[in-house]
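Novice: Input upload_28.pdb, format and content: PDB, C-alpha atoms.
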```
ATOM      1  CA  MET A   1      12.238   7.351   8.455  1.00  0.00           C
ATOM      2  CA  PRO A   2      11.650   7.482   4.675  1.00  0.00           C
ATOM      3  CA  THR A   3       8.273   6.169   3.575  1.00  0.00           C
ATOM      4  CA  LEU A   4       6.851   5.604   0.112  1.00  0.00           C
ATOM      5  CA  LYS A   5       3.146   6.442   0.103  1.00  0.00           C
ATOM      6  CA  ARG A   6       1.114   4.228  -2.254  1.00  0.00           C
ATOM      7  CA  PRO A   7      -2.670   4.363  -2.748  1.00  0.00           C
ATOM      8  CA  ASP A   8      -3.138   1.373  -0.422  1.00  0.00           C
ATOM      9  CA  ALA A   9       0.168   1.234   1.477  1.00  0.00           C
ATOM     10  CA  GLU A  10       2.991   3.049   3.225  1.00  0.00           C
ATOM     11  CA  ILE A  11       6.307   1.321   2.531  1.00  0.00           C
ATOM     12  CA  HIS A  12       9.213   1.984   4.882  1.00  0.00           C
ATOM     13  CA  TYR A  13      12.667   1.942   3.272  1.00  0.00           C
ATOM     14  CA  GLU A  14      16.318   2.923   3.728  1.00  0.00           C
ATOM     15  CA  VAL A  15      18.950   3.968   1.185  1.00  0.00           C
ATOM     16  CA  HIS A  16      22.687   3.458   1.787  1.00  0.00           C
ATOM     17  CA  GLY A  17      25.723   4.293  -0.358  1.00  0.00           C
ATOM     18  CA  ARG A  18      26.092   5.452  -3.943  1.00  0.00           C
ATOM     19  CA  GLY A  19      26.394   3.626  -7.237  1.00  0.00           C
ATOM     20  CA  PHE A  20      24.282   1.316  -9.340  1.00  0.00           C
ATOM     21  CA  PRO A  21      21.062   0.524  -7.382  1.00  0.00           C
ATOM     22  CA  VAL A  22      20.596  -2.831  -5.653  1.00  0.00           C
ATOM     23  CA  LEU A  23      17.156  -3.550  -4.188  1.00  0.00           C
ATOM     24  CA  LEU A  24      17.355  -5.904  -1.208  1.00  0.00           C
ATOM     25  CA  TYR A  25      14.736  -8.485  -0.282  1.00  0.00           C
ATOM     26  CA  ALA A  26      15.439  -9.449   3.309  1.00  0.00           C
ATOM     27  CA  PRO A  27      14.828 -12.973   4.552  1.00  0.00           C
ATOM     28  CA  GLY A  28      11.349 -13.613   5.866  1.00  0.00           C
ATOM     29  CA  GLY A  29       9.043 -14.033   2.878  1.00  0.00           C
ATOM     30  CA  LEU A  30       5.835 -12.081   3.457  1.00  0.00           C
ATOM     31  CA  ARG A  31       7.226 -10.668   6.691  1.00  0.00           C
ATOM     32  CA  SER A  32      10.516  -9.600   5.116  1.00  0.00           C
ATOM     33  CA  GLN A  33      11.834  -6.494   6.839  1.00  0.00           C
ATOM     34  CA  ILE A  34      14.997  -4.420   6.995  1.00  0.00           C
ATOM     35  CA  GLY A  35      15.969  -5.517  10.501  1.00  0.00           C
ATOM     36  CA  MET A  36      16.355  -9.127   9.381  1.00  0.00           C
ATOM     37  CA  TRP A  37      19.628  -8.254   7.641  1.00  0.00           C
ATOM     38  CA  SER A  38      21.301  -7.426  10.949  1.00  0.00           C
ATOM     39  CA  ALA A  39      19.499 -10.105  12.964  1.00  0.00           C
ATOM     40  CA  ALA A  40      20.383 -13.044  10.716  1.00  0.00           C
ATOM     41  CA  PRO A  41      22.592 -15.761  12.229  1.00  0.00           C
ATOM     42  CA  SER A  42      26.019 -16.928  11.110  1.00  0.00           C
ATOM     43  CA  TYR A  43      26.309 -19.663   8.516  1.00  0.00           C
ATOM     44  CA  ALA A  44      26.802 -23.251   9.666  1.00  0.00           C
ATOM     45  CA  ASN A  45      30.563 -22.960   9.017  1.00  0.00           C
ATOM     46  CA  GLY A  46      30.744 -20.022  11.452  1.00  0.00           C
ATOM     47  CA  VAL A  47      31.118 -17.312   8.816  1.00  0.00           C
ATOM     48  CA  PRO A  48      29.101 -14.284   9.974  1.00  0.00           C
ATOM     49  CA  TRP A  49      26.111 -13.109   7.989  1.00  0.00           C
ATOM     50  CA  MET A  50      26.922 -10.269   5.615  1.00  0.00           C
ATOM     51  CA  ASP A  51      24.714  -7.205   6.046  1.00  0.00           C
ATOM     52  CA  PRO A  52      24.560  -5.837   2.481  1.00  0.00           C
ATOM     53  CA  ARG A  53      23.371  -2.433   3.692  1.00  0.00           C
ATOM     54  CA  THR A  54      26.898  -1.733   4.891  1.00  0.00           C
ATOM     55  CA  ALA A  55      28.962  -4.309   3.005  1.00  0.00           C
ATOM     56  CA  LEU A  56      27.881  -3.084  -0.450  1.00  0.00           C
ATOM     57  CA  ALA A  57      27.400   0.634   0.217  1.00  0.00           C
ATOM     58  CA  ASP A  58      30.910   1.568  -0.975  1.00  0.00           C
ATOM     59  CA  HIS A  59      30.052   0.435  -4.521  1.00  0.00           C
ATOM     60  CA  PHE A  60      26.256   0.473  -4.835  1.00  0.00           C
ATOM     61  CA  THR A  61      23.150   2.416  -3.858  1.00  0.00           C
ATOM     62  CA  VAL A  62      21.670  -0.184  -1.523  1.00  0.00           C
ATOM     63  CA  ILE A  63      17.896   0.015  -1.061  1.00  0.00           C
ATOM     64  CA  ALA A  64      16.368  -1.947   1.819  1.00  0.00           C
ATOM     65  CA  MET A  65      12.643  -2.061   2.494  1.00  0.00           C
ATOM     66  CA  ASP A  66      10.030  -3.552   4.765  1.00  0.00           C
ATOM     67  CA  GLN A  67       7.504  -5.534   2.708  1.00  0.00           C
ATOM     68  CA  ARG A  68       3.911  -4.349   3.015  1.00  0.00           C
ATOM     69  CA  ASN A  69       2.527  -5.191   6.472  1.00  0.00           C
ATOM     70  CA  ALA A  70       5.981  -6.119   7.801  1.00  0.00           C
ATOM     71  CA  GLY A  71       8.239  -4.062  10.019  1.00  0.00           C
ATOM     72  CA  LYS A  72       7.217  -0.406   9.787  1.00  0.00           C
ATOM     73  CA  SER A  73       5.264  -0.787   6.519  1.00  0.00           C
ATOM     74  CA  VAL A  74       1.466  -0.846   6.583  1.00  0.00           C
ATOM     75  CA  ALA A  75      -1.032  -1.643   3.848  1.00  0.00           C
ATOM     76  CA  ASP A  76      -4.537  -2.755   3.049  1.00  0.00           C
ATOM     77  CA  VAL A  77      -4.990  -6.514   2.733  1.00  0.00           C
ATOM     78  CA  LYS A  78      -7.193  -7.605  -0.145  1.00  0.00           C
ATOM     79  CA  PRO A  79      -8.123 -11.059  -1.487  1.00  0.00           C
ATOM     80  CA  ASP A  80      -6.493 -10.414  -4.861  1.00  0.00           C
ATOM     81  CA  HIS A  81      -3.115  -9.421  -3.403  1.00  0.00           C
ATOM     82  CA  GLY A  82      -0.265 -11.745  -4.245  1.00  0.00           C
ATOM     83  CA  TRP A  83       3.372 -11.640  -5.305  1.00  0.00           C
ATOM     84  CA  HIS A  84       2.387  -9.231  -8.090  1.00  0.00           C
ATOM     85  CA  THR A  85       1.312  -6.758  -5.376  1.00  0.00           C
ATOM     86  CA  PHE A  86       4.729  -6.953  -3.720  1.00  0.00           C
ATOM     87  CA  ALA A  87       6.462  -6.600  -7.105  1.00  0.00           C
ATOM     88  CA  ALA A  88       4.375  -3.473  -7.787  1.00  0.00           C
ATOM     89  CA  ASP A  89       5.594  -2.031  -4.456  1.00  0.00           C
ATOM     90  CA  HIS A  90       9.200  -2.774  -5.446  1.00  0.00           C
ATOM     91  CA  LEU A  91       8.867  -1.082  -8.830  1.00  0.00           C
ATOM     92  CA  ALA A  92       7.056   1.894  -7.303  1.00  0.00           C
ATOM     93  CA  LEU A  93       9.930   2.354  -4.859  1.00  0.00           C
ATOM     94  CA  ILE A  94      12.495   2.186  -7.665  1.00  0.00           C
ATOM     95  CA  ASP A  95      10.455   4.786  -9.612  1.00  0.00           C
ATOM     96  CA  HIS A  96      10.128   6.976  -6.515  1.00  0.00           C
ATOM     97  CA  LEU A  97      13.915   6.970  -6.108  1.00  0.00           C
ATOM     98  CA  GLY A  98      14.400   7.859  -9.786  1.00  0.00           C
ATOM     99  CA  PHE A  99      16.140   4.713 -11.038  1.00  0.00           C
ATOM    100  CA  LYS A 100      15.476   3.194 -14.460  1.00  0.00           C
ATOM    101  CA  LYS A 101      17.361  -0.110 -14.015  1.00  0.00           C
ATOM    102  CA  PHE A 102      18.421  -1.953 -10.881  1.00  0.00           C
ATOM    103  CA  ARG A 103      19.792  -5.180  -9.484  1.00  0.00           C
ATOM    104  CA  VAL A 104      18.026  -7.381  -6.977  1.00  0.00           C
ATOM    105  CA  MET A 105      19.557  -9.306  -4.099  1.00  0.00           C
ATOM    106  CA  GLY A 106      17.514 -11.324  -1.692  1.00  0.00           C
ATOM    107  CA  ARG A 107      15.947 -14.391  -0.232  1.00  0.00           C
ATOM    108  CA  ILE A 108      12.343 -14.094  -1.259  1.00  0.00           C
ATOM    109  CA  ALA A 109      10.189 -15.800  -3.859  1.00  0.00           C
ATOM    110  CA  SER A 110       9.357 -12.597  -5.737  1.00  0.00           C
ATOM    111  CA  LEU A 111      12.805 -12.204  -7.281  1.00  0.00           C
ATOM    112  CA  ARG A 112      11.093 -12.238 -10.669  1.00  0.00           C
ATOM    113  CA  GLN A 113      10.789  -8.636 -11.805  1.00  0.00           C
ATOM    114  CA  SER A 114      10.300  -6.748 -15.016  1.00  0.00           C
ATOM    115  CA  CYS A 115      12.648  -6.062 -17.902  1.00  0.00           C
ATOM    116  CA  ARG A 116      13.991  -3.228 -15.757  1.00  0.00           C
ATOM    117  CA  THR A 117      15.912  -5.693 -13.583  1.00  0.00           C
ATOM    118  CA  ARG A 118      19.541  -5.882 -14.698  1.00  0.00           C
ATOM    119  CA  SER A 119      20.320  -8.984 -12.634  1.00  0.00           C
ATOM    120  CA  ALA A 120      19.039 -10.952  -9.659  1.00  0.00           C
ATOM    121  CA  TYR A 121      21.176 -12.616  -6.995  1.00  0.00           C
ATOM    122  CA  THR A 122      19.886 -15.021  -4.416  1.00  0.00           C
ATOM    123  CA  ARG A 123      21.555 -14.458  -1.076  1.00  0.00           C
ATOM    124  CA  THR A 124      22.911 -17.974  -0.698  1.00  0.00           C
ATOM    125  CA  ALA A 125      24.138 -18.415  -4.280  1.00  0.00           C
ATOM    126  CA  ILE A 126      27.008 -15.910  -4.228  1.00  0.00           C
ATOM    127  CA  PRO A 127      29.897 -15.233  -1.869  1.00  0.00           C
ATOM    128  CA  GLY A 128      29.945 -11.554  -2.826  1.00  0.00           C
ATOM    129  CA  MET A 129      28.663  -9.159  -5.439  1.00  0.00           C
ATOM    130  CA  PRO A 130      30.748  -8.209  -8.472  1.00  0.00           C
ATOM    131  CA  ARG A 131      31.716  -4.598  -8.928  1.00  0.00           C
TER     132      ARG A 131
END
```
Translate the structure described by the file into structure tokens.

Specialist:
Amino acid sequence: MPTLKRPDAEIHYEVHGRGFPVLLYAPGGLRSQIGMWSAAPSYANGVPWMDPRTALADHFTVIAMDQRNAGKSVADVKPDHGWHTFAADHLALIDHLGFKKFRVMGRIASLRQSCRTRSAYTRTAIPGMPR
């Protein structure tokens, strides 16, 4: 179980595939965790939920993570923590894995990143990811 150790947190993550990096934000907001990709229901039209960890791994390095204090991740909780704290975790993970630029795909409010983000895709806005 890979874990990124931060000064105030231990962030659980998984890496699948090879290619340009895509950081996933699973559904669930502050309790976003890796397992939600496989547990998500089908769409209303019956189309099954796409698990990007496997669906995109042939073309991308897919990085899934449990947000701090969700799933297997643990962290201190402080009054000044906010979305910027989660974004700092995301960038620290990208740095830890040695990537300079990356794409983001997810269903969480912290899709806003730094100038290092090449592109951001919301999960419901696209039928698939371009190569």

Novice: Which residues of range 10-82 of chain A come within 10 Å of range 92-98 of chain A, and what is each one's closest atom pair and distance in Å (one decimal), counting all atoms listed in the file, sorted by chain and residue number, as a tab-separated table?

Specialist:
```
residue	atom	partner	partner_atom	distance
A:Ile11	CA	A:Leu93	CA	8.3
A:His12	CA	A:Leu93	CA	9.8
A:Tyr13	CA	A:Leu93	CA	8.6
A:Val15	CA	A:Leu97	CA	9.4
A:Pro21	CA	A:Ile94	CA	8.7
A:Val22	CA	A:Ile94	CA	9.7
A:Leu23	CA	A:Ile94	CA	8.2
A:Ile63	CA	A:Ile94	CA	8.8
A:Met65	CA	A:Leu93	CA	9.0
```

Novice: Using the chain letters and residue numbers of this document, give as number ranges by chain the residues selected by the PyMOL selection byres ((chain A and resi 56) around 10).

Specialist: A: 16-19, 22, 50-55, 57-62, 128-131

Novice: For Met36 in chain A, which residue out of A:Val74, A:His81, A:Asp66, A:Asp89 is the nearest one, using all atoms listed in the file?

Specialist: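 Using all atoms listed in the file, Met36 in chain A sits closest to A:Asp66.
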
Novice: Which residues, named as in the file, does the PyMOL selection byres ((chain A and resi 67) around 7) pick out? Answer as a PyMOL selection string.

Specialist: chain A and resi 11+30-33+65-66+68-70+73

Novice: Applied to the shown file, which residues does the PyMOL selection byres ((chain A and resi 25) around 9) return, written as number ranges by chain?

Specialist: A: 23-24, 26-29, 32-34, 64-67, 104-108, 110-111

Novice: Please write the residues from the selection above to a file, keeping C-alpha atoms, as a compact mmCIF listing (two decimals), in the frame of the given file.

Specialist:
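For reference, selection_16.txt as written:
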```txt
# COMPACT_ATOMS: atom_id res chain seq x y z
CA LEU A 23 17.16 -3.55 -4.19
CA LEU A 24 17.36 -5.90 -1.21
CA ALA A 26 15.44 -9.45 3.31
CA PRO A 27 14.83 -12.97 4.55
CA GLY A 28 11.35 -13.61 5.87
CA GLY A 29 9.04 -14.03 2.88
CA SER A 32 10.52 -9.60 5.12
CA GLN A 33 11.83 -6.49 6.84
CA ILE A 34 15.00 -4.42 7.00
CA ALA A 64 16.37 -1.95 1.82
CA MET A 65 12.64 -2.06 2.49
CA ASP A 66 10.03 -3.55 4.76
CA GLN A 67 7.50 -5.53 2.71
CA VAL A 104 18.03 -7.38 -6.98
CA MET A 105 19.56 -9.31 -4.10
CA GLY A 106 17.51 -11.32 -1.69
CA ARG A 107 15.95 -14.39 -0.23
CA ILE A 108 12.34 -14.09 -1.26
CA SER A 110 9.36 -12.60 -5.74
CA LEU A 111 12.80 -12.20 -7.28
```

Novice: Of the candidates A:Trp37, A:Glu14, A:His90, A:Phe20, which shows the shortest atom-to-atom distance to Met1 in chain A, using all atoms listed in the file?

Specialist: A:Glu14

Novice: Counting all atoms listed in the file, which of A:Gly35, A:Trp49, A:Leu91, A:Phe86 gets nearest to Gly71 in chain A?

Specialist: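 Answer, going by the shortest atom-to-atom distance: A:Gly35.
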
Novice: Just how far from CA of Ala87 in chain A is CA of Phe102 in chain A, in Å to one decimal?

Specialist: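 Pair CA of Phe102 in chain A / CA of Ala87 in chain A returns 13.4 Å.
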